[in-house]
file run12.cif (mmCIF, C-alpha atoms and all ligand atoms)
data_target
#
loop_
_atom_site.label_atom_id
_atom_site.label_comp_id
_atom_site.auth_asym_id
_atom_site.auth_seq_id
_atom_site.Cartn_x
_atom_site.Cartn_y
_atom_site.Cartn_z
CA MET A 3 34.43 45.65 -194.60
CA ILE A 4 32.57 47.18 -191.61
CA LYS A 5 34.05 50.49 -190.47
CA ALA A 6 34.21 51.58 -186.84
CA ARG A 7 32.69 54.94 -186.00
CA ILE A 8 33.00 57.13 -182.96
CA ALA A 9 29.43 56.86 -181.71
CA ALA A 10 29.83 59.01 -178.57
CA SER A 11 32.39 60.62 -176.30
CA GLY A 12 32.86 61.90 -172.77
CA SER A 13 35.57 63.53 -170.69
CA TYR A 14 36.41 64.60 -167.18
CA VAL A 15 38.95 66.87 -165.51
CA PRO A 16 39.46 67.20 -161.75
CA GLU A 17 38.20 70.37 -160.07
CA THR A 18 41.47 71.69 -158.62
CA VAL A 19 43.17 74.23 -160.89
CA LEU A 20 46.93 74.84 -160.60
CA THR A 21 47.84 78.06 -162.41
CA ASN A 22 51.24 79.27 -163.59
CA HIS A 23 51.02 81.91 -160.85
CA ASP A 24 50.57 79.13 -158.27
CA LEU A 25 53.73 77.49 -159.64
CA GLU A 26 55.63 80.80 -159.37
CA LYS A 27 55.22 80.44 -155.59
CA LYS A 28 56.75 76.93 -155.53
CA ILE A 29 59.60 76.97 -158.08
CA ASP A 30 61.84 79.46 -159.89
CA THR A 31 59.61 80.15 -162.91
CA SER A 32 57.19 82.73 -164.28
CA ASP A 33 53.81 82.80 -165.96
CA GLU A 34 55.49 84.65 -168.84
CA TRP A 35 58.11 81.88 -169.37
CA ILE A 36 55.61 79.02 -169.19
CA LEU A 37 53.02 80.70 -171.42
CA GLY A 38 55.62 81.83 -173.97
CA ARG A 39 57.46 78.48 -174.16
CA THR A 40 54.47 76.14 -173.93
CA GLY A 41 51.10 77.95 -174.29
CA ILE A 42 49.99 76.52 -170.93
CA ARG A 43 48.21 78.80 -168.41
CA GLU A 44 46.89 76.25 -165.94
CA ARG A 45 46.36 72.52 -165.41
CA ARG A 46 44.03 70.31 -163.33
CA ILE A 47 45.22 68.23 -160.39
CA ALA A 48 43.42 65.13 -159.09
CA SER A 49 42.36 65.22 -155.44
CA LYS A 50 44.13 62.88 -152.98
CA ASP A 51 41.33 60.32 -153.16
CA GLU A 52 41.04 60.35 -156.98
CA SER A 53 42.96 57.71 -158.93
CA THR A 54 43.26 57.18 -162.68
CA SER A 55 40.29 54.79 -162.70
CA ASP A 56 38.08 57.42 -161.02
CA LEU A 57 38.84 59.92 -163.77
CA ALA A 58 38.37 57.22 -166.43
CA VAL A 59 35.00 56.15 -165.01
CA LYS A 60 33.65 59.72 -165.01
CA ALA A 61 34.66 60.18 -168.66
CA ALA A 62 33.29 56.73 -169.53
CA ARG A 63 29.89 57.40 -167.90
CA ARG A 64 29.54 60.61 -169.92
CA ALA A 65 30.38 58.72 -173.14
CA LEU A 66 27.86 55.96 -172.35
CA GLU A 67 25.20 58.54 -171.54
CA ALA A 68 25.88 60.41 -174.80
CA GLY A 69 25.73 57.12 -176.72
CA GLY A 70 22.53 56.05 -174.97
CA ILE A 71 23.88 52.61 -174.07
CA SER A 72 24.28 50.86 -170.75
CA ALA A 73 27.58 49.60 -169.35
CA GLU A 74 26.32 45.99 -169.53
CA THR A 75 26.32 46.15 -173.33
CA LEU A 76 30.06 46.94 -173.57
CA ASP A 77 32.15 44.19 -175.18
CA LEU A 78 35.60 45.64 -174.51
CA ILE A 79 37.21 48.38 -172.41
CA ILE A 80 40.72 49.58 -173.26
CA VAL A 81 42.41 52.10 -170.97
CA ALA A 82 45.46 53.89 -172.34
CA THR A 83 47.50 55.20 -169.43
CA SER A 84 51.03 55.78 -168.17
CA MET A 85 49.88 56.04 -164.58
CA PRO A 86 47.68 53.02 -163.80
CA ASP A 87 46.01 52.68 -160.40
CA MET A 88 48.48 49.85 -159.67
CA PHE A 89 50.78 47.48 -161.61
CA PHE A 90 48.04 44.89 -161.75
CA PRO A 91 45.19 44.31 -162.13
CA SER A 92 44.79 46.63 -165.07
CA THR A 93 43.07 49.98 -164.56
CA ALA A 94 40.62 48.80 -167.25
CA CYS A 95 39.47 45.95 -164.95
CA ILE A 96 38.93 48.42 -162.11
CA VAL A 97 36.97 50.66 -164.50
CA GLN A 98 34.93 47.64 -165.61
CA ASP A 99 34.01 46.94 -161.99
CA LYS A 100 33.12 50.57 -161.19
CA LEU A 101 30.99 50.85 -164.34
CA GLY A 102 29.28 47.48 -163.87
CA ALA A 103 30.32 46.49 -167.39
CA THR A 104 29.89 42.83 -166.57
CA GLY A 105 30.01 41.54 -170.15
CA ALA A 106 33.23 43.27 -171.20
CA ALA A 107 36.82 42.14 -171.61
CA ALA A 108 39.24 44.76 -170.28
CA PHE A 109 42.92 45.60 -170.58
CA ASP A 110 45.37 48.51 -170.38
CA LEU A 111 47.61 49.79 -173.13
CA SER A 112 50.85 51.69 -172.62
CA ALA A 113 52.11 54.07 -175.31
CA ALA A 114 52.60 57.27 -173.25
CA CYS A 115 51.07 60.34 -174.92
CA SER A 116 50.21 58.33 -178.06
CA GLY A 117 48.27 55.81 -175.96
CA PHE A 118 44.84 56.95 -177.10
CA LEU A 119 45.66 56.55 -180.80
CA TYR A 120 47.20 53.13 -180.18
CA ALA A 121 44.09 52.10 -178.22
CA LEU A 122 41.80 53.53 -180.92
CA SER A 123 43.56 51.39 -183.51
CA VAL A 124 43.13 48.23 -181.40
CA GLY A 125 39.46 48.95 -180.67
CA GLU A 126 38.81 49.75 -184.30
CA GLN A 127 40.18 46.37 -185.42
CA TYR A 128 37.76 44.48 -183.13
CA ILE A 129 34.84 46.34 -184.72
CA ARG A 130 36.13 45.96 -188.29
CA SER A 131 36.61 42.23 -187.83
CA GLY A 132 33.01 41.93 -186.59
CA THR A 133 34.18 40.53 -183.24
CA TYR A 134 32.68 43.28 -181.05
CA GLN A 135 29.85 45.84 -181.28
CA ASN A 136 30.61 48.27 -178.44
CA VAL A 137 34.20 49.12 -177.54
CA LEU A 138 35.06 51.82 -175.01
CA VAL A 139 38.47 53.43 -175.59
CA ILE A 140 39.65 55.59 -172.70
CA GLY A 141 42.73 57.77 -172.20
CA ALA A 142 43.19 58.59 -168.50
CA GLU A 143 46.11 59.98 -166.54
CA VAL A 144 47.05 61.31 -163.14
CA MET A 145 50.30 62.83 -164.38
CA SER A 146 50.61 64.95 -161.23
CA ARG A 147 51.72 61.74 -159.43
CA LEU A 148 54.47 61.07 -161.99
CA THR A 149 55.75 64.64 -161.78
CA ASN A 150 58.85 65.83 -159.97
CA TRP A 151 57.51 69.06 -158.47
CA ASP A 152 61.08 70.32 -157.91
CA ASP A 153 61.97 70.05 -161.63
CA ARG A 154 60.91 73.28 -163.30
CA ARG A 155 61.71 71.88 -166.75
CA THR A 156 58.92 69.28 -166.52
CA CYS A 157 56.50 70.07 -163.69
CA ILE A 158 55.05 73.02 -165.57
CA LEU A 159 53.94 70.80 -168.45
CA PHE A 160 51.62 68.11 -167.17
CA GLY A 161 48.06 67.85 -165.90
CA ASP A 162 45.40 65.27 -165.00
CA GLY A 163 42.30 64.28 -166.97
CA ALA A 164 40.44 61.62 -168.92
CA GLY A 165 38.62 61.23 -172.22
CA ALA A 166 36.60 58.32 -173.61
CA VAL A 167 35.10 57.35 -176.95
CA LEU A 168 32.58 54.65 -177.72
CA LEU A 169 33.31 52.75 -180.94
CA SER A 170 30.48 50.98 -182.78
CA PRO A 171 30.02 49.51 -186.27
CA SER A 172 29.19 52.16 -188.87
CA LYS A 173 26.03 51.77 -190.91
CA SER A 174 27.45 53.97 -193.72
CA ASP A 175 30.90 54.45 -195.24
CA ARG A 176 31.69 57.08 -192.58
CA GLY A 177 33.90 56.20 -189.64
CA ILE A 178 37.59 55.68 -188.90
CA ALA A 179 39.30 55.68 -192.30
CA SER A 180 42.69 54.50 -191.04
CA VAL A 181 45.12 54.67 -188.13
CA HIS A 182 48.89 54.90 -188.67
CA LEU A 183 51.21 54.04 -185.79
CA HIS A 184 54.97 54.30 -185.38
CA SER A 185 57.57 53.85 -182.67
CA ASP A 186 61.31 54.26 -182.29
CA GLY A 187 62.49 52.43 -179.18
CA SER A 188 66.06 53.62 -179.67
CA LEU A 189 64.86 56.99 -178.36
CA TRP A 190 63.22 55.56 -175.22
CA ASP A 191 65.31 57.72 -172.91
CA LEU A 192 64.08 61.06 -174.31
CA ILE A 193 61.03 60.81 -172.03
CA CYS A 194 60.87 58.19 -169.33
CA VAL A 195 60.11 57.36 -165.71
CA PRO A 196 63.24 55.31 -164.96
CA GLY A 197 62.54 53.99 -161.46
CA GLY A 198 59.90 51.96 -159.68
CA GLY A 199 59.62 49.14 -162.23
CA SER A 200 61.64 45.95 -162.72
CA ALA A 201 64.73 47.75 -164.12
CA ILE A 202 65.18 49.93 -161.03
CA PRO A 203 62.80 48.58 -158.37
CA PRO A 204 61.43 50.82 -155.60
CA SER A 205 64.08 51.67 -152.99
CA GLU A 206 65.10 54.53 -150.75
CA LYS A 207 67.42 55.73 -153.54
CA VAL A 208 64.54 55.77 -156.05
CA LEU A 209 62.50 57.97 -153.74
CA LEU A 210 65.40 60.23 -152.71
CA GLU A 211 66.46 60.85 -156.32
CA GLN A 212 62.83 60.94 -157.50
CA LEU A 213 63.60 58.29 -160.12
CA ASN A 214 59.90 57.41 -160.03
CA THR A 215 59.08 60.69 -161.80
CA ILE A 216 59.32 61.98 -165.37
CA ARG A 217 62.72 62.63 -166.97
CA MET A 218 62.59 64.46 -170.26
CA LYS A 219 65.09 65.80 -172.79
CA GLY A 220 62.68 68.52 -173.85
CA ASN A 221 64.68 70.13 -176.61
CA GLU A 222 65.49 66.89 -178.47
CA THR A 223 61.91 65.67 -177.99
CA PHE A 224 60.61 68.91 -179.49
CA LYS A 225 62.56 68.54 -182.74
CA VAL A 226 61.66 64.87 -183.28
CA ALA A 227 58.01 65.62 -182.45
CA VAL A 228 57.62 68.26 -185.15
CA ARG A 229 59.29 66.12 -187.84
CA ASN A 230 57.41 62.91 -186.98
CA LEU A 231 54.02 64.57 -186.60
CA GLU A 232 54.31 66.17 -190.02
CA GLU A 233 55.34 62.85 -191.62
CA VAL A 234 52.59 60.77 -190.05
CA ALA A 235 49.94 63.42 -190.81
CA LEU A 236 50.92 63.32 -194.48
CA GLN A 237 50.87 59.51 -194.40
CA ALA A 238 47.32 59.47 -192.99
CA LEU A 239 46.10 62.07 -195.49
CA SER A 240 47.58 60.30 -198.49
CA ALA A 241 46.16 56.90 -197.40
CA ASP A 242 42.69 58.45 -197.74
CA ASN A 243 43.55 60.56 -200.83
CA LEU A 244 43.06 63.76 -198.86
CA SER A 245 45.00 67.00 -198.61
CA ALA A 246 45.25 69.22 -195.53
CA SER A 247 42.51 71.47 -196.93
CA ASP A 248 40.01 68.56 -196.76
CA ILE A 249 40.36 68.39 -192.96
CA ASP A 250 37.71 70.29 -190.97
CA TRP A 251 39.40 69.82 -187.59
CA LEU A 252 42.84 68.72 -186.48
CA ILE A 253 42.83 67.26 -182.97
CA PRO A 254 46.45 67.00 -181.81
CA HIS A 255 48.07 65.76 -178.63
CA GLN A 256 48.39 68.86 -176.45
CA ALA A 257 52.11 68.98 -175.61
CA ASN A 258 53.27 72.45 -176.54
CA ILE A 259 51.72 75.26 -178.60
CA ARG A 260 55.04 75.84 -180.37
CA ILE A 261 55.09 72.20 -181.58
CA LEU A 262 51.50 72.58 -182.82
CA LYS A 263 52.23 75.84 -184.62
CA ALA A 264 55.33 74.36 -186.28
CA VAL A 265 53.36 71.30 -187.46
CA ALA A 266 50.50 73.50 -188.73
CA ASN A 267 52.98 75.66 -190.66
CA ARG A 268 54.64 72.65 -192.26
CA LEU A 269 51.26 71.18 -193.26
CA LYS A 270 50.01 74.64 -194.35
CA PHE A 271 47.07 74.01 -192.04
CA PRO A 272 45.16 76.99 -190.55
CA GLN A 273 45.63 77.18 -186.78
CA GLU A 274 42.01 78.19 -186.23
CA LYS A 275 41.00 74.69 -187.39
CA MET A 276 43.08 73.05 -184.65
CA ILE A 277 41.37 72.05 -181.42
CA ILE A 278 43.62 73.48 -178.72
CA ASN A 279 42.90 73.32 -174.98
CA LEU A 280 46.41 72.97 -173.57
CA ASP A 281 46.14 76.47 -172.12
CA LYS A 282 43.55 75.05 -169.65
CA TYR A 283 44.85 71.52 -169.05
CA GLY A 284 48.53 71.29 -170.04
CA ASN A 285 49.77 67.93 -171.32
CA THR A 286 47.41 65.22 -170.07
CA SER A 287 49.31 62.51 -171.99
CA ALA A 288 46.98 59.74 -173.26
CA ALA A 289 43.92 61.75 -172.19
CA SER A 290 44.70 64.83 -174.24
CA VAL A 291 43.30 63.82 -177.66
CA PRO A 292 39.93 62.39 -176.47
CA LEU A 293 39.57 65.28 -173.98
CA ALA A 294 40.09 67.88 -176.72
CA PHE A 295 37.80 65.95 -179.07
CA ASP A 296 34.97 65.62 -176.55
CA GLU A 297 35.10 69.30 -175.58
CA ALA A 298 34.86 70.34 -179.21
CA VAL A 299 31.95 67.95 -179.86
CA ARG A 300 30.08 69.23 -176.82
CA ASP A 301 30.62 72.94 -177.59
CA GLY A 302 29.42 72.41 -181.16
CA ARG A 303 32.65 72.98 -183.07
CA ILE A 304 32.92 69.36 -184.29
CA ASN A 305 29.77 68.11 -186.02
CA GLU A 306 28.65 64.95 -187.76
CA GLY A 307 29.90 64.99 -191.34
CA ASP A 308 33.21 66.63 -190.42
CA THR A 309 36.50 65.12 -191.52
CA LEU A 310 38.95 64.92 -188.62
CA LEU A 311 42.66 64.31 -188.27
CA PHE A 312 43.91 62.98 -184.92
CA LEU A 313 47.63 63.36 -184.23
CA ALA A 314 49.69 62.20 -181.25
CA PHE A 315 53.28 61.92 -180.12
CA GLY A 316 54.91 60.73 -176.92
CA GLY A 317 57.32 58.61 -174.93
CA GLY A 318 58.65 55.44 -176.49
CA LEU A 319 59.07 57.23 -178.76
CA THR A 320 55.64 56.61 -180.22
CA TRP A 321 53.55 58.61 -182.66
CA GLY A 322 50.50 58.19 -184.84
CA ALA A 323 47.68 59.73 -186.85
CA SER A 324 44.14 58.83 -187.83
CA VAL A 325 41.64 60.23 -190.32
CA VAL A 326 38.04 59.99 -189.11
CA HIS A 327 34.93 60.80 -191.14
CA TYR A 328 32.80 61.73 -188.15
N1 LIG B 401 60.85 78.49 -165.86
C1 LIG B 401 61.87 79.29 -166.18
N2 LIG B 401 62.97 78.87 -166.83
C2 LIG B 401 63.01 77.59 -167.20
C3 LIG B 401 61.96 76.68 -166.91
C4 LIG B 401 60.85 77.18 -166.20
N3 LIG B 401 59.81 76.41 -165.88
N4 LIG B 401 62.29 75.48 -167.39
C5 LIG B 401 63.49 75.59 -167.99
N5 LIG B 401 63.93 76.88 -167.86
C6 LIG B 401 65.18 77.43 -168.34
C7 LIG B 401 66.24 76.36 -168.45
O1 LIG B 401 66.89 76.20 -167.18
C8 LIG B 401 67.13 76.92 -169.50
O2 LIG B 401 67.99 77.86 -168.92
P1 LIG B 401 69.58 77.73 -169.12
O3 LIG B 401 69.77 77.90 -170.61
O4 LIG B 401 70.11 78.84 -168.29
O5 LIG B 401 69.92 76.36 -168.64
C9 LIG B 401 66.19 77.67 -170.44
O6 LIG B 401 65.00 77.91 -169.67
C10 LIG B 401 65.84 76.91 -171.69
O7 LIG B 401 65.50 75.56 -171.33
P2 LIG B 401 65.10 74.51 -172.42
O8 LIG B 401 64.82 73.20 -171.74
O9 LIG B 401 66.10 74.52 -173.53
O10 LIG B 401 63.71 75.13 -172.93
P3 LIG B 401 62.88 74.82 -174.23
O11 LIG B 401 62.73 76.04 -175.03
O12 LIG B 401 63.35 73.56 -174.92
O13 LIG B 401 61.45 74.52 -173.62
C11 LIG B 401 60.06 72.61 -173.14
C12 LIG B 401 61.29 73.44 -172.73
C13 LIG B 401 58.85 73.48 -172.97
C14 LIG B 401 59.97 71.41 -172.24
C15 LIG B 401 60.16 72.17 -174.63
O14 LIG B 401 61.44 71.62 -174.86
C16 LIG B 401 59.13 71.14 -175.00
O15 LIG B 401 57.93 71.39 -175.01
N6 LIG B 401 59.58 69.97 -175.45
C17 LIG B 401 58.68 68.90 -175.93
C18 LIG B 401 58.04 68.16 -174.83
C19 LIG B 401 57.05 67.16 -175.42
O16 LIG B 401 56.59 67.27 -176.54
N7 LIG B 401 56.68 66.15 -174.71
C20 LIG B 401 55.71 65.25 -175.33
C21 LIG B 401 55.71 63.96 -174.83
S1 LIG B 401 55.47 63.88 -173.11
C22 LIG B 401 55.08 62.24 -172.80
O17 LIG B 401 55.10 61.40 -173.67
C23 LIG B 401 54.73 61.83 -171.41
#

call {"tool": "encode", "arguments": {"input": "run12.cif", "output": "structure tokens"}}
result
Amino acid sequence: MIKARIAASGSYVPETVLTNHDLEKKIDTSDEWILGRTGIRERRIASKDESTSDLAVKAARRALEAGGISAETLDLIIVATSMPDMFFPSTACIVQDKLGATGAAAFDLSAACSGFLYALSVGEQYIRSGTYQNVLVIGAEVMSRLTNWDDRRTCILFGDGAGAVLLSPSKSDRGIASVHLHSDGSLWDLICVPGGGSAIPPSEKVLLEQLNTIRMKGNETFKVAVRNLEEVALQALSADNLSASDIDWLIPHQANIRILKAVANRLKFPQEKMIINLDKYGNTSAASVPLAFDEAVRDGRINEGDTLLFLAFGGGLTWGASVVHY
């Protein structure tokens, strides 16, 4: 069976930085509270004329450049996002147009903060089956436009960004070993954007009550996140006959430093082997894992030959893990 490998990656974050001190001026909060409870110092905010596809395209171009392939050779583009440019067409089709990827099929995938891992698993299957040679998997979000800037419990958490990986057939036994996905729809209301869709269509009430922004039961989400991330990490390790000590780098979804520390403790995994950038970018939802991965590849921490564990958790609820022999 052909394995899929991550042949190249790219990422992009908008220029505007919103620090905790900036937020202190807008809402009743403090740098001390945000840093202590979440580990976040600042986040990036897309400019008015930047949409999710713009962020995705910048990350995608960097991945294509790193992989040394042209957009025309792409077979498939998958964009994982919770904040598409519009309901339809898909953001992936808009990305296809902006890239000039004329030979590719394109679609979006929605699994909130786990979106990248879900998309990775779909892309990987097309390579393993021999259907496609070059699949671009992108996580891209403009979370700042889903955020209620009056809600201090959530607006401190999120940021904008994009990450992309190029999947190609592996010529050796290295590559994506497995991807493990889970969801529990009975917990859909722990994190949701209730209004603006078909259940509660756009109306004056939706705008007045900001039902088109994120609602989150943070405390309950926190507890489920730690438990589920530990379980799925162990599942991914055991599927490949590995233990935590075999992993060179853990690349987790960047939701909260306290969640990451709790998961590391449970797995007896050293924190210095975790790629953490949430201090700079906050929670960028589906973008967070490929963004953290790409930064660590580019600054030389992650190298070919390393064994990686990707971990993600988000709305749905959804969660997943993947072992990659990079
Ligand atoms: N500044 C100051 N005080 C605050 C702030 C703030 N920004 N936000 C809340 N508080 C206050 C609350 O009002 C509360 O005060 P009270 O007891 O007087 O009412 C107190 O701080 C504690 O609030 P909690 O919500 O219980 O705080 P908690 O310790 O749970 O931290 C947090 C909140 C950071 C959101 C945490 O619960 C968390 O990270 N949860 C997980 C979120 C997550 O993982 N999301 C991932 C998926 S996101 C997605 O899929 C899109």

call {"tool": "closest_atom_pairs", "arguments": {"input": "run12.cif", "of": "range 104-222 of chain A", "to": "range 272-292 of chain A", "cutoff": "9 Å", "atoms": "all atoms listed in the file", "output": "JSON lines"}}
result
{"residue": "A:Ser112", "atom": "CA", "partner": "A:Ala288", "partner_atom": "CA", "distance": 9.0}
{"residue": "A:Ala113", "atom": "CA", "partner": "A:Ala288", "partner_atom": "CA", "distance": 7.9}
{"residue": "A:Ala114", "atom": "CA", "partner": "A:Ala288", "partner_atom": "CA", "distance": 6.1}
{"residue": "A:Cys115", "atom": "CA", "partner": "A:Ser287", "partner_atom": "CA", "distance": 4.0}
{"residue": "A:Ser116", "atom": "CA", "partner": "A:Ala288", "partner_atom": "CA", "distance": 6.0}
{"residue": "A:Gly117", "atom": "CA", "partner": "A:Ala288", "partner_atom": "CA", "distance": 4.9}
{"residue": "A:Phe118", "atom": "CA", "partner": "A:Ala288", "partner_atom": "CA", "distance": 5.2}
{"residue": "A:Leu119", "atom": "CA", "partner": "A:Val291", "partner_atom": "CA", "distance": 8.3}
{"residue": "A:Ile140", "atom": "CA", "partner": "A:Ala289", "partner_atom": "CA", "distance": 7.5}
{"residue": "A:Gly141", "atom": "CA", "partner": "A:Ala289", "partner_atom": "CA", "distance": 4.2}
{"residue": "A:Ala142", "atom": "CA", "partner": "A:Ala289", "partner_atom": "CA", "distance": 4.9}
{"residue": "A:Glu143", "atom": "CA", "partner": "A:Ala289", "partner_atom": "CA", "distance": 6.3}
{"residue": "A:Val144", "atom": "CA", "partner": "A:Thr286", "partner_atom": "CA", "distance": 8.0}
{"residue": "A:Met145", "atom": "CA", "partner": "A:Thr286", "partner_atom": "CA", "distance": 6.8}
{"residue": "A:Ile158", "atom": "CA", "partner": "A:Gly284", "partner_atom": "CA", "distance": 8.1}
{"residue": "A:Leu159", "atom": "CA", "partner": "A:Gly284", "partner_atom": "CA", "distance": 5.7}
{"residue": "A:Phe160", "atom": "CA", "partner": "A:Asn285", "partner_atom": "CA", "distance": 4.5}
{"residue": "A:Gly161", "atom": "CA", "partner": "A:Thr286", "partner_atom": "CA", "distance": 5.0}
{"residue": "A:Asp162", "atom": "CA", "partner": "A:Thr286", "partner_atom": "CA", "distance": 5.5}
{"residue": "A:Gly163", "atom": "CA", "partner": "A:Ala289", "partner_atom": "CA", "distance": 6.0}
{"residue": "A:Ala164", "atom": "CA", "partner": "A:Ala289", "partner_atom": "CA", "distance": 4.8}
{"residue": "A:Gly165", "atom": "CA", "partner": "A:Pro292", "partner_atom": "CA", "distance": 4.6}
{"residue": "A:Ala166", "atom": "CA", "partner": "A:Pro292", "partner_atom": "CA", "distance": 6.0}
{"residue": "A:Val167", "atom": "CA", "partner": "A:Pro292", "partner_atom": "CA", "distance": 7.0}

call {"tool": "residues_near_ligand", "arguments": {"input": "run12.cif", "ligand": "ligand LIG 401 (chain B)", "cutoff": "7 Å", "atoms": "all atoms listed in the file", "output": "number ranges by chain"}}
result
A: 30-32, 35-36, 39-40, 114-115, 154-156, 158, 193, 220-221, 223-224, 227, 257-258, 287, 315-317

call {"tool": "write_last_selection", "arguments": {"input": "run12.cif", "atoms": "C-alpha atoms", "output": "CSV table (one decimal), keeping the file's coordinate frame"}}
result
chain,number,residue,atom,x,y,z
A,30,ASP,CA,61.8,79.5,-159.9
A,31,THR,CA,59.6,80.2,-162.9
A,32,SER,CA,57.2,82.7,-164.3
A,35,TRP,CA,58.1,81.9,-169.4
A,36,ILE,CA,55.6,79.0,-169.2
A,39,ARG,CA,57.5,78.5,-174.2
A,40,THR,CA,54.5,76.1,-173.9
A,114,ALA,CA,52.6,57.3,-173.2
A,115,CYS,CA,51.1,60.3,-174.9
A,154,ARG,CA,60.9,73.3,-163.3
A,155,ARG,CA,61.7,71.9,-166.8
A,156,THR,CA,58.9,69.3,-166.5
A,158,ILE,CA,55.0,73.0,-165.6
A,193,ILE,CA,61.0,60.8,-172.0
A,220,GLY,CA,62.7,68.5,-173.8
A,221,ASN,CA,64.7,70.1,-176.6
A,223,THR,CA,61.9,65.7,-178.0
A,224,PHE,CA,60.6,68.9,-179.5
A,227,ALA,CA,58.0,65.6,-182.4
A,257,ALA,CA,52.1,69.0,-175.6
A,258,ASN,CA,53.3,72.4,-176.5
A,287,SER,CA,49.3,62.5,-172.0
A,315,PHE,CA,53.3,61.9,-180.1
A,316,GLY,CA,54.9,60.7,-176.9
A,317,GLY,CA,57.3,58.6,-174.9

call {"tool": "closest_residue", "arguments": {"input": "run12.cif", "among": "A:Leu252, A:Val181, A:Ala6, A:Leu169", "to": "Ile71 in chain A", "atoms": "only C-alpha atoms"}}
result
A:Leu169

call {"tool": "axis_aligned_box", "arguments": {"input": "run12.cif", "around": "range 295-300 of chain A", "padding_each_side": "5 Å", "output": "JSON"}}
result
{"center_x": 33.9, "center_y": 68.0, "center_z": -177.7, "size_x": 17.7, "size_y": 14.7, "size_z": 14.3}

call {"tool": "atom_distance", "arguments": {"input": "run12.cif", "atom1": "CA of Met218 in chain A", "atom2": "CA of Asn22 in chain A"}}
result
19.8 Å

call {"tool": "atom_distance", "arguments": {"input": "run12.cif", "atom1": "CA of Thr320 in chain A", "atom2": "CA of Pro196 in chain A"}}
result
17.1 Å

call {"tool": "residues_near_point", "arguments": {"input": "run12.cif", "point": "(38.8, 45.7, -164.1)", "cutoff": "12 Å", "atoms": "all atoms listed in the file", "output": "MDAnalysis selection string"}}
result
chainID A and resid 55 58:59 78:81 86:88 90:110

call {"tool": "atom_distance", "arguments": {"input": "run12.cif", "atom1": "CA of Glu67 in chain A", "atom2": "CA of Leu138 in chain A"}}
result
12.4 Å

call {"tool": "residues_around", "arguments": {"input": "run12.cif", "residues": "Leu148 in chain A", "least_positions_apart": "5", "cutoff": "7 Å", "atoms": "only C-alpha atoms", "output": "PyMOL selection string"}}
result
chain A and resi 214-216

call {"tool": "closest_residue", "arguments": {"input": "run12.cif", "among": "A:Leu213, A:Leu239, A:Leu313, A:Cys157", "to": "Arg45 in chain A", "atoms": "all atoms listed in the file"}}
result
A:Cys157

call {"tool": "closest_residue", "arguments": {"input": "run12.cif", "among": "A:Leu111, A:Arg46, A:Ala238, A:Ser324", "to": "Thr83 in chain A", "atoms": "only C-alpha atoms"}}
result
A:Leu111

call {"tool": "residues_near_point", "arguments": {"input": "run12.cif", "point": "(31.6, 47.6, -185.8)", "cutoff": "8 Å", "atoms": "only C-alpha atoms", "output": "list in words"}}
result
Ile4, Lys5, Ala6, Arg7, Glu126, Tyr128, Ile129, Arg130, Ser131, Gly132, Thr133, Tyr134, Gln135, Asn136, Leu169, Ser170, Pro171 and Ser172 of chain A

call {"tool": "residues_around", "arguments": {"input": "run12.cif", "residues": "Thr309 in chain A", "least_positions_apart": "6", "cutoff": "12 Å", "atoms": "all atoms listed in the file", "output": "number ranges by chain"}}
result
A: 176-179, 239, 242, 244-253, 275, 324-328
